[in-house]
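**Student:** Structure: work-v9.pdb, PDB, C-alpha atoms, pLDDT in the B column.
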ATOM      1  CA  ARG A1304       0.000   0.000   0.000  1.00 41.00           C
ATOM      2  CA  MET A1305       1.076   3.531  -0.593  1.00 44.00           C
ATOM      3  CA  ARG A1306       1.070   5.253   2.771  1.00 45.00           C
ATOM      4  CA  CYS A1307       1.442   8.982   3.311  1.00 44.00           C
ATOM      5  CA  GLN A1308       2.139  10.520   6.694  1.00 41.00           C
ATOM      6  CA  VAL A1309       0.091  13.672   6.891  1.00 49.00           C
ATOM      7  CA  THR A1310      -0.504  16.297   9.530  1.00 46.00           C
ATOM      8  CA  SER A1311      -4.070  17.426   9.954  1.00 52.00           C
ATOM      9  CA  SER A1312      -5.370  20.394  11.927  1.00 48.00           C
ATOM     10  CA  THR A1313      -8.809  20.861  13.383  1.00 48.00           C
ATOM     11  CA  ILE A1314      -9.627  24.531  12.927  1.00 52.00           C
ATOM     12  CA  PRO A1315     -11.353  25.708  16.161  1.00 55.00           C
ATOM     13  CA  GLU A1316      -8.947  24.161  18.646  1.00 59.00           C
ATOM     14  CA  TYR A1317      -5.784  24.317  16.495  1.00 57.00           C
ATOM     15  CA  GLN A1318      -4.876  20.805  17.544  1.00 65.00           C
ATOM     16  CA  TYR A1319      -2.579  18.686  15.415  1.00 69.00           C
ATOM     17  CA  ALA A1320      -2.620  14.952  14.913  1.00 70.00           C
ATOM     18  CA  ASN A1321      -0.415  12.653  12.852  1.00 76.00           C
ATOM     19  CA  PHE A1322      -2.032   9.688  11.169  1.00 80.00           C
ATOM     20  CA  THR A1323      -1.478   7.340   8.261  1.00 84.00           C
ATOM     21  CA  LEU A1324      -3.565   8.097   5.193  1.00 87.00           C
ATOM     22  CA  LEU A1325      -4.130   5.470   2.523  1.00 90.00           C
ATOM     23  CA  LEU A1326      -4.916   6.993  -0.861  1.00 92.00           C
ATOM     24  CA  ALA A1327      -8.446   5.963  -1.812  1.00 92.00           C
ATOM     25  CA  GLY A1328      -8.810   3.759  -4.855  1.00 92.00           C
ATOM     26  CA  VAL A1329      -5.149   2.859  -5.438  1.00 94.00           C
ATOM     27  CA  THR A1330      -2.316   0.760  -4.173  1.00 92.00           C
ATOM     28  CA  CYS A1331       1.315   1.240  -5.113  1.00 92.00           C
ATOM     29  CA  PRO A1332       4.205  -1.225  -5.123  1.00 92.00           C
ATOM     30  CA  ARG A1333       5.103  -2.161  -1.544  1.00 89.00           C
ATOM     31  CA  LEU A1334       8.212  -1.049   0.270  1.00 87.00           C
ATOM     32  CA  GLY A1335      10.256  -3.989   1.501  1.00 87.00           C
ATOM     33  CA  ASN A1336      11.557  -4.644   4.996  1.00 87.00           C
ATOM     34  CA  PRO A1337      15.262  -5.556   5.093  1.00 86.00           C
ATOM     35  CA  LYS A1338      15.096  -6.107   8.878  1.00 88.00           C
ATOM     36  CA  ALA A1339      12.477  -8.852   8.651  1.00 87.00           C
ATOM     37  CA  SER A1340      13.495 -12.463   8.941  1.00 87.00           C
ATOM     38  CA  PRO A1341      13.820 -13.403   6.103  1.00 89.00           C
ATOM     39  CA  PRO A1342      14.264  -9.949   4.530  1.00 89.00           C
ATOM     40  CA  ILE A1343      11.361  -8.812   2.347  1.00 91.00           C
ATOM     41  CA  PRO A1344      12.487  -7.084  -0.861  1.00 91.00           C
ATOM     42  CA  SER A1345      10.722  -4.009  -2.217  1.00 90.00           C
ATOM     43  CA  GLU A1346       8.455  -4.495  -5.203  1.00 91.00           C
ATOM     44  CA  PRO A1347       9.616  -3.063  -8.551  1.00 93.00           C
ATOM     45  CA  LEU A1348       8.949   0.688  -8.996  1.00 93.00           C
ATOM     46  CA  CYS A1349       8.319   1.166  -5.260  1.00 92.00           C
ATOM     47  CA  ASP A1350      10.914   3.924  -4.986  1.00 92.00           C
ATOM     48  CA  GLU A1351       9.603   5.683  -8.089  1.00 94.00           C
ATOM     49  CA  ALA A1352       6.035   5.703  -6.735  1.00 93.00           C
ATOM     50  CA  ARG A1353       7.243   7.037  -3.389  1.00 91.00           C
ATOM     51  CA  GLN A1354       9.313   9.780  -5.030  1.00 93.00           C
ATOM     52  CA  PHE A1355       6.434  10.731  -7.357  1.00 93.00           C
ATOM     53  CA  THR A1356       4.121  11.178  -4.366  1.00 91.00           C
ATOM     54  CA  GLN A1357       6.688  12.976  -2.197  1.00 89.00           C
ATOM     55  CA  LEU A1358       7.496  15.525  -4.909  1.00 92.00           C
ATOM     56  CA  ARG A1359       3.841  16.498  -5.138  1.00 90.00           C
ATOM     57  CA  LEU A1360       2.678  16.307  -1.516  1.00 89.00           C
ATOM     58  CA  LEU A1361       5.588  16.662   0.905  1.00 85.00           C
ATOM     59  CA  GLN A1362       5.656  19.877   2.993  1.00 83.00           C
ATOM     60  CA  ARG A1363       2.405  21.223   1.520  1.00 85.00           C
ATOM     61  CA  GLU A1364      -0.814  22.126   3.236  1.00 84.00           C
ATOM     62  CA  LEU A1365      -3.501  20.397   1.227  1.00 86.00           C
ATOM     63  CA  PRO A1366      -7.142  19.693   2.054  1.00 87.00           C
ATOM     64  CA  LEU A1367      -8.159  16.061   2.632  1.00 87.00           C
ATOM     65  CA  SER A1368     -11.429  14.198   2.375  1.00 89.00           C
ATOM     66  CA  LEU A1369     -11.535  11.267   4.759  1.00 89.00           C
ATOM     67  CA  ILE A1370     -13.899   8.567   3.526  1.00 93.00           C
ATOM     68  CA  GLY A1371     -13.239   5.675   5.892  1.00 91.00           C
ATOM     69  CA  THR A1372     -10.649   3.438   7.499  1.00 91.00           C
ATOM     70  CA  ASP A1373      -8.968   0.196   6.561  1.00 89.00           C
ATOM     71  CA  LYS A1374     -10.407  -2.977   8.064  1.00 89.00           C
ATOM     72  CA  SER A1375      -8.115  -2.842  11.098  1.00 89.00           C
ATOM     73  CA  GLY A1376      -9.122   0.767  11.789  1.00 86.00           C
ATOM     74  CA  GLY A1377      -5.487   1.835  12.132  1.00 84.00           C
ATOM     75  CA  SER A1378      -5.251   3.884   8.950  1.00 86.00           C
ATOM     76  CA  ALA A1379      -7.568   6.448   7.436  1.00 88.00           C
ATOM     77  CA  VAL A1380      -8.597   6.199   3.786  1.00 90.00           C
ATOM     78  CA  GLY A1381      -9.053   9.431   1.908  1.00 91.00           C
ATOM     79  CA  ILE A1382      -8.442  11.725  -1.016  1.00 91.00           C
ATOM     80  CA  VAL A1383      -5.795  14.463  -1.127  1.00 89.00           C
ATOM     81  CA  HIS A1384      -7.100  17.526  -2.970  1.00 88.00           C
ATOM     82  CA  HIS A1385      -4.084  18.889  -4.832  1.00 89.00           C
ATOM     83  CA  PRO A1386      -4.624  22.042  -6.917  1.00 90.00           C
ATOM     84  CA  LYS A1387      -3.590  20.133 -10.047  1.00 90.00           C
ATOM     85  CA  GLY A1388      -5.847  17.126  -9.420  1.00 89.00           C
ATOM     86  CA  ASN A1389      -6.154  13.844  -7.600  1.00 90.00           C
ATOM     87  CA  ILE A1390      -2.735  12.304  -6.850  1.00 92.00           C
ATOM     88  CA  ALA A1391      -4.235   8.804  -7.134  1.00 93.00           C
ATOM     89  CA  ILE A1392      -5.228   9.440 -10.756  1.00 94.00           C
ATOM     90  CA  GLU A1393      -1.779  10.826 -11.520  1.00 94.00           C
ATOM     91  CA  LEU A1394      -0.129   7.703 -10.054  1.00 95.00           C
ATOM     92  CA  LEU A1395      -2.378   5.521 -12.204  1.00 95.00           C
ATOM     93  CA  LYS A1396      -1.648   7.556 -15.353  1.00 95.00           C
ATOM     94  CA  VAL A1397       2.093   6.909 -15.140  1.00 95.00           C
ATOM     95  CA  GLY A1398       1.702   3.253 -14.143  1.00 96.00           C
ATOM     96  CA  LEU A1399       2.946   3.608 -10.567  1.00 95.00           C
ATOM     97  CA  ALA A1400      -0.262   2.269  -8.986  1.00 94.00           C
ATOM     98  CA  ARG A1401      -3.164  -0.093  -9.585  1.00 94.00           C
ATOM     99  CA  MET A1402      -6.764   0.209  -8.491  1.00 94.00           C
ATOM    100  CA  THR A1403      -7.952  -1.493  -5.312  1.00 92.00           C
ATOM    101  CA  ASP A1404     -11.569  -2.538  -5.130  1.00 89.00           C
ATOM    102  CA  TRP A1405     -11.917  -2.430  -1.333  1.00 90.00           C
ATOM    103  CA  SER A1406     -11.164   1.295  -1.137  1.00 91.00           C
ATOM    104  CA  VAL A1407     -12.890   2.158  -4.436  1.00 92.00           C
ATOM    105  CA  ARG A1408     -16.153   0.972  -2.852  1.00 90.00           C
ATOM    106  CA  MET A1409     -15.829   3.763  -0.263  1.00 92.00           C
ATOM    107  CA  MET A1410     -15.519   6.486  -2.896  1.00 93.00           C
ATOM    108  CA  GLU A1411     -18.255   8.552  -4.525  1.00 92.00           C
ATOM    109  CA  PRO A1412     -19.384   6.718  -7.702  1.00 91.00           C
ATOM    110  CA  ALA A1413     -18.744   9.837  -9.817  1.00 91.00           C
ATOM    111  CA  SER A1414     -15.013   9.833  -9.003  1.00 90.00           C
ATOM    112  CA  VAL A1415     -14.351   6.192  -9.976  1.00 93.00           C
ATOM    113  CA  PRO A1416     -14.440   6.452 -13.814  1.00 93.00           C
ATOM    114  CA  GLY A1417     -11.433   8.797 -13.808  1.00 94.00           C
ATOM    115  CA  LEU A1418      -9.410   6.155 -11.976  1.00 95.00           C
ATOM    116  CA  ARG A1419     -10.467   3.406 -14.403  1.00 94.00           C
ATOM    117  CA  VAL A1420      -9.622   5.518 -17.470  1.00 95.00           C
ATOM    118  CA  ALA A1421      -6.191   6.404 -16.073  1.00 96.00           C
ATOM    119  CA  GLU A1422      -5.369   2.767 -15.275  1.00 95.00           C
ATOM    120  CA  ASN A1423      -6.589   1.520 -18.666  1.00 94.00           C
ATOM    121  CA  ASN A1424      -4.501   4.140 -20.488  1.00 95.00           C
ATOM    122  CA  ALA A1425      -1.393   3.079 -18.535  1.00 96.00           C
ATOM    123  CA  LYS A1426      -2.108  -0.565 -19.396  1.00 95.00           C
ATOM    124  CA  ARG A1427      -2.528   0.214 -23.111  1.00 94.00           C
ATOM    125  CA  SER A1428       0.727   2.169 -23.228  1.00 95.00           C
ATOM    126  CA  CYS A1429       2.557  -0.424 -21.046  1.00 94.00           C
ATOM    127  CA  GLN A1430       3.791   2.164 -18.543  1.00 95.00           C
ATOM    128  CA  GLY A1431       5.334   1.447 -15.150  1.00 94.00           C
ATOM    129  CA  ILE A1432       4.012  -1.680 -13.464  1.00 95.00           C
ATOM    130  CA  TRP A1433       2.142  -2.507 -16.675  1.00 94.00           C
ATOM    131  CA  HIS A1434       5.355  -2.735 -18.776  1.00 94.00           C
ATOM    132  CA  ALA A1435       4.654  -6.398 -19.617  1.00 93.00           C
ATOM    133  CA  TYR A1436       0.863  -6.158 -19.708  1.00 92.00           C
ATOM    134  CA  ALA A1437      -0.939  -8.054 -22.436  1.00 90.00           C
ATOM    135  CA  PRO A1438      -4.717  -7.762 -22.691  1.00 85.00           C
ATOM    136  CA  PRO A1439      -6.617 -10.980 -22.036  1.00 79.00           C
ATOM    137  CA  VAL A1440      -7.375 -13.059 -25.084  1.00 76.00           C
ATOM    138  CA  LEU A1441     -10.922 -14.337 -25.525  1.00 66.00           C
ATOM    139  CA  SER A1442     -10.925 -18.121 -25.324  1.00 67.00           C
ATOM    140  CA  SER A1443     -14.146 -18.547 -27.266  1.00 63.00           C
ATOM    141  CA  ALA A1444     -16.273 -16.724 -29.802  1.00 59.00           C
ATOM    142  CA  SER A1445     -17.082 -13.188 -28.760  1.00 69.00           C
ATOM    143  CA  GLU A1446     -20.274 -13.251 -30.779  1.00 79.00           C
ATOM    144  CA  ILE A1447     -22.794 -16.044 -31.112  1.00 82.00           C
ATOM    145  CA  GLN A1448     -26.051 -16.265 -33.021  1.00 87.00           C
ATOM    146  CA  GLY A1449     -28.681 -18.806 -32.161  1.00 90.00           C
ATOM    147  CA  THR A1450     -31.933 -19.575 -30.436  1.00 90.00           C
ATOM    148  CA  VAL A1451     -32.400 -19.057 -26.710  1.00 90.00           C
ATOM    149  CA  LEU A1452     -33.779 -22.340 -25.404  1.00 90.00           C
ATOM    150  CA  GLU A1453     -33.737 -21.571 -21.688  1.00 89.00           C
ATOM    151  CA  VAL A1454     -33.301 -18.623 -19.364  1.00 88.00           C
ATOM    152  CA  GLN A1455     -31.682 -20.137 -16.284  1.00 84.00           C
ATOM    153  CA  SER A1456     -31.565 -16.881 -14.360  1.00 80.00           C
ATOM    154  CA  GLY A1457     -31.533 -13.159 -15.071  1.00 79.00           C
ATOM    155  CA  ASP A1458     -27.909 -13.347 -16.219  1.00 81.00           C
ATOM    156  CA  THR A1459     -27.545 -16.886 -17.642  1.00 86.00           C
ATOM    157  CA  LEU A1460     -28.940 -18.207 -20.939  1.00 89.00           C
ATOM    158  CA  ILE A1461     -28.821 -21.573 -22.735  1.00 91.00           C
ATOM    159  CA  ILE A1462     -28.438 -21.102 -26.509  1.00 91.00           C
ATOM    160  CA  LEU A1463     -28.549 -23.482 -29.483  1.00 90.00           C
ATOM    161  CA  PRO A1464     -26.212 -21.973 -32.117  1.00 89.00           C
ATOM    162  CA  ASN A1465     -27.636 -21.397 -35.605  1.00 89.00           C
ATOM    163  CA  GLY A1466     -27.014 -24.237 -38.049  1.00 86.00           C
ATOM    164  CA  LYS A1467     -26.385 -26.801 -35.315  1.00 86.00           C
ATOM    165  CA  PRO A1468     -28.945 -29.584 -34.738  1.00 85.00           C
ATOM    166  CA  TYR A1469     -29.910 -30.409 -31.176  1.00 84.00           C
ATOM    167  CA  ASN A1470     -28.750 -33.974 -30.555  1.00 85.00           C
ATOM    168  CA  ALA A1471     -27.289 -33.740 -27.042  1.00 84.00           C
ATOM    169  CA  GLU A1472     -26.731 -31.317 -24.161  1.00 86.00           C
ATOM    170  CA  SER A1473     -23.176 -30.784 -25.423  1.00 85.00           C
ATOM    171  CA  ASP A1474     -24.616 -28.971 -28.484  1.00 86.00           C
ATOM    172  CA  LEU A1475     -25.921 -26.175 -26.258  1.00 89.00           C
ATOM    173  CA  VAL A1476     -23.926 -23.132 -25.227  1.00 88.00           C
ATOM    174  CA  LYS A1477     -24.286 -21.609 -21.760  1.00 89.00           C
ATOM    175  CA  ILE A1478     -23.828 -17.827 -21.757  1.00 87.00           C
ATOM    176  CA  SER A1479     -23.428 -15.645 -18.673  1.00 83.00           C
ATOM    177  CA  LEU A1480     -23.794 -11.909 -19.163  1.00 81.00           C
ATOM    178  CA  ALA A1481     -20.751  -9.895 -18.108  1.00 78.00           C
ATOM    179  CA  SER A1482     -21.046  -7.261 -15.369  1.00 74.00           C
ATOM    180  CA  VAL A1483     -24.591  -8.341 -14.523  1.00 71.00           C
ATOM    181  CA  ARG A1484     -25.571 -10.085 -11.333  1.00 71.00           C
ATOM    182  CA  ALA A1485     -29.088 -11.436 -11.097  1.00 68.00           C
ATOM    183  CA  PRO A1486     -30.845 -12.025  -7.770  1.00 68.00           C
ATOM    184  CA  ARG A1487     -30.279 -15.512  -6.391  1.00 65.00           C
ATOM    185  CA  VAL A1488     -33.081 -18.031  -6.477  1.00 63.00           C
ATOM    186  CA  GLY A1489     -34.463 -18.606  -2.968  1.00 62.00           C
ATOM    187  CA  ASN A1490     -34.084 -21.679  -0.790  1.00 59.00           C
ATOM    188  CA  GLU A1491     -37.345 -23.618  -0.369  1.00 60.00           C
ATOM    189  CA  ARG A1492     -36.072 -25.473   2.717  1.00 61.00           C
ATOM    190  CA  ALA A1493     -35.384 -22.173   4.494  1.00 59.00           C
ATOM    191  CA  ASN A1494     -38.796 -20.773   3.401  1.00 62.00           C
ATOM    192  CA  ARG A1495     -37.178 -18.046   1.279  1.00 59.00           C
ATOM    193  CA  PRO A1496     -38.775 -17.215  -2.090  1.00 56.00           C
TER     194      PRO A1496
END
Reformat the file's structure so that it appears as structure tokens.
**Tutor:**
Amino acid sequence: RMRCQVTSSTIPEYQYANFTLLLAGVTCPRLGNPKASPPIPSEPLCDEARQFTQLRLLQRELPLSLIGTDKSGGSAVGIVHHPKGNIAIELLKVGLARMTDWSVRMMEPASVPGLRVAENNAKRSCQGIWHAYAPPVLSSASEIQGTVLEVQSGDTLIILPNGKPYNAESDLVKISLASVRAPRVGNERANRP
């Protein structure tokens, strides 16, 4: 995780507190621990991600939006509002971070597409941690034409392809719609519809 030590002030009392802030929506290559037994090496591009963040945030007073905590409650999760934009998006653009679903779920839905676009652009241009990225290859036909014989659920269909006679179950193709999750069918034994 990319961790930033920040100092925050509460305005009326002028009290200061130090805490660890995890940048919402991203994770950067981890810093190793040479003192551990056995020593843990740093991940590639860890130092570059750290330097990138330090150059833009260190010794600056910047507003923060705290949106939650990690699951242990020891670190805050938030967004640093830099005058030139979100530092998380900038890290993604240059391939020094990847998106993390657990902290993305805490963010406002309107701010997530910018993160996805930045990460996808870094993947396409093979920048930073994505230097060896190859897009996934479809293992089967991406388009199929046929007759829907059965709707198993809201997101799963059984199709008989055009031009193929129905002789056995193996002739049928089961299709699940991507990015769609249908409600689960209830459990009769538990008296749930």
**Student:** Quick one: of A:Ala1352, A:Leu1358, A:Val1415, A:Ala1379, who's nearest to A:Phe1322, counting all atoms listed in the file?
**Tutor:**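 For A:Phe1322, the nearest of the given residues is A:Ala1379.
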**Student:** Just checking: using all atoms listed in the file, which residue out of A:Gly1388, A:Pro1337, A:Gly1449, A:Pro1464 ends up closest to A:Gly1417?
**Tutor:**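 The answer is A:Gly1388, which sits nearest to A:Gly1417.
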**Student:** Which value, in Å to one decimal, gives the distance between atom CA of A:Ser1456 and atom CA of A:Asn1470?
**Tutor:**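 Atom-to-atom, atom CA of A:Ser1456 and atom CA of A:Asn1470 are spaced 23.7 Å apart.
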**Student:** Need to verify the contact set: stretch 1401-1412 of chain A, 6 Å, only C-alpha atoms, exclusion of same-chain residues closer than 2 positions in sequence. Can you return it as a PyMOL selection string?
**Tutor:** chain A and resi 1327-1330+1414-1415
**Student:** Enter the distance from atom CA of A:Asp1474 to atom CA of A:Ile1461, in Å, rounded to one decimal.
**Tutor:**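 Rounded to one decimal, the two atoms are 10.3 Å apart.
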**Student:** Quick check, in Å to one decimal: how far apart do atom CA of A:Val1383 and atom CA of A:Ser1368 lie?
**Tutor:**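 These atoms are spaced 6.6 Å apart.
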**Student:** Kindly indicate which residue among A:Val1397, A:Leu1324, A:His1384, A:Leu1360 lies nearest to A:Cys1429, using all atoms listed in the file for the distances.
**Tutor:** A:Val1397
